[in-house]
Amino acid sequence: MLRTLSLCGLLVATQAQAGLIQIDFSGTRSSASANVFGTDVSQLRGHALYETDTPATLFSTFNGTTNNFYGALRAFSFELLAADGATVFAGERQGGSFAYAQVRDASAGRDSFSLNGIYLDPDELSGDPAGLTQVQFTLLLNAISADVIDAPSLPQTLDPLDFSQRVVQLFVARTPGSQPSGVAVSLNYNLDTLSFTPYATVPEPASVMLYGLGLAALLRRKARAAAAGFSRRSRSCDAGSPAAHRGGSRARAA
């Protein structure tokens, strides 16, 4: 039974999904000026998920090689937080492929990595400012040198310490005349934390339920088999008991 439970545990354990890399990030707004949210939204946190097997499209060969990876993103989520930690604005997009990644492997200057064209519509957002039509994100990492990135494909991992500039830029598009007016709609966040890790998936609840049902059925079979074995042993013991022998002797005497 313990062996069965251990197997079930392995089935529902978290597993890494090949080819997907998750970026987790958090940062602080570079300016505390007024904005369309009516509060400072001083903190940002979120994650992005990209597919490393996305084909490359050559963008430039000037002082190195720059490739674009169209449709690389698989998921993106974010939260803007006020100074007291309350969530002011949040959004999420998952599924399909969208946006694009760009990798510069420089021969002079600095390498860079960016996620571009990350659009979220109002139905993917909560806490919208008045007149919101769309938001756009860009994640930009500029390396400290030209020998940080050396790969023709999207990197499996990057060391955040290799990048001197780590920024998420947010642009808020609104309808003309929206209030409050005359305030900034572009927000920049310097990233304090940044990590690249292989994406891990956990089976969906339906799959976990199937595993549980399979385990329950197996345990029931084991219980029935054990009960049947006990019953056979009991009949064998009854047949070999002194009372059974006495009954048999009386039957022969009769």
# chains A, B, ... in the order shown; residues from 1 in each chain; ligands from 1

call {"tool": "residues_around", "arguments": {"residues": "Leu194 of chain A", "least_positions_apart": "4", "cutoff": "12 Å", "atoms": "only C-alpha atoms", "output": "NGL selection string"}}
result
:A and (22-27 or 44-48 or 139-141 or 157-163 or 165-168 or 190)

call {"tool": "residues_around", "arguments": {"residues": "Asp105 of chain A", "least_positions_apart": "3", "cutoff": "9 Å", "atoms": "only C-alpha atoms", "output": "ChimeraX atom specification"}}
result
/A:63-67,110-112,146-152

call {"tool": "residues_around", "arguments": {"residues": "Leu115 of chain A", "least_positions_apart": "6", "cutoff": "12 Å", "atoms": "only C-alpha atoms", "output": "ChimeraX atom specification"}}
result
/A:23,47-51,68-76,98-103,136-141,154,166-169

call {"tool": "closest_residue", "arguments": {"among": "A:Ser195, A:Ser153, A:Thr61, A:Asn188", "to": "Gln43 of chain A", "atoms": "only C-alpha atoms"}}
result
A:Asn188

call {"tool": "atom_distance", "arguments": {"atom1": "atom CA of Ser164 of chain A", "atom2": "atom CA of Ser145 of chain A"}}
result
9.2 Å

call {"tool": "residues_around", "arguments": {"residues": "Asp121 of chain A", "least_positions_apart": "4", "cutoff": "12 Å", "atoms": "only C-alpha atoms", "output": "JSON, numbers by chain"}}
result
{"A": [90, 91, 92, 93, 125, 126, 128, 132, 133, 134, 135, 136, 137, 172, 173, 174]}
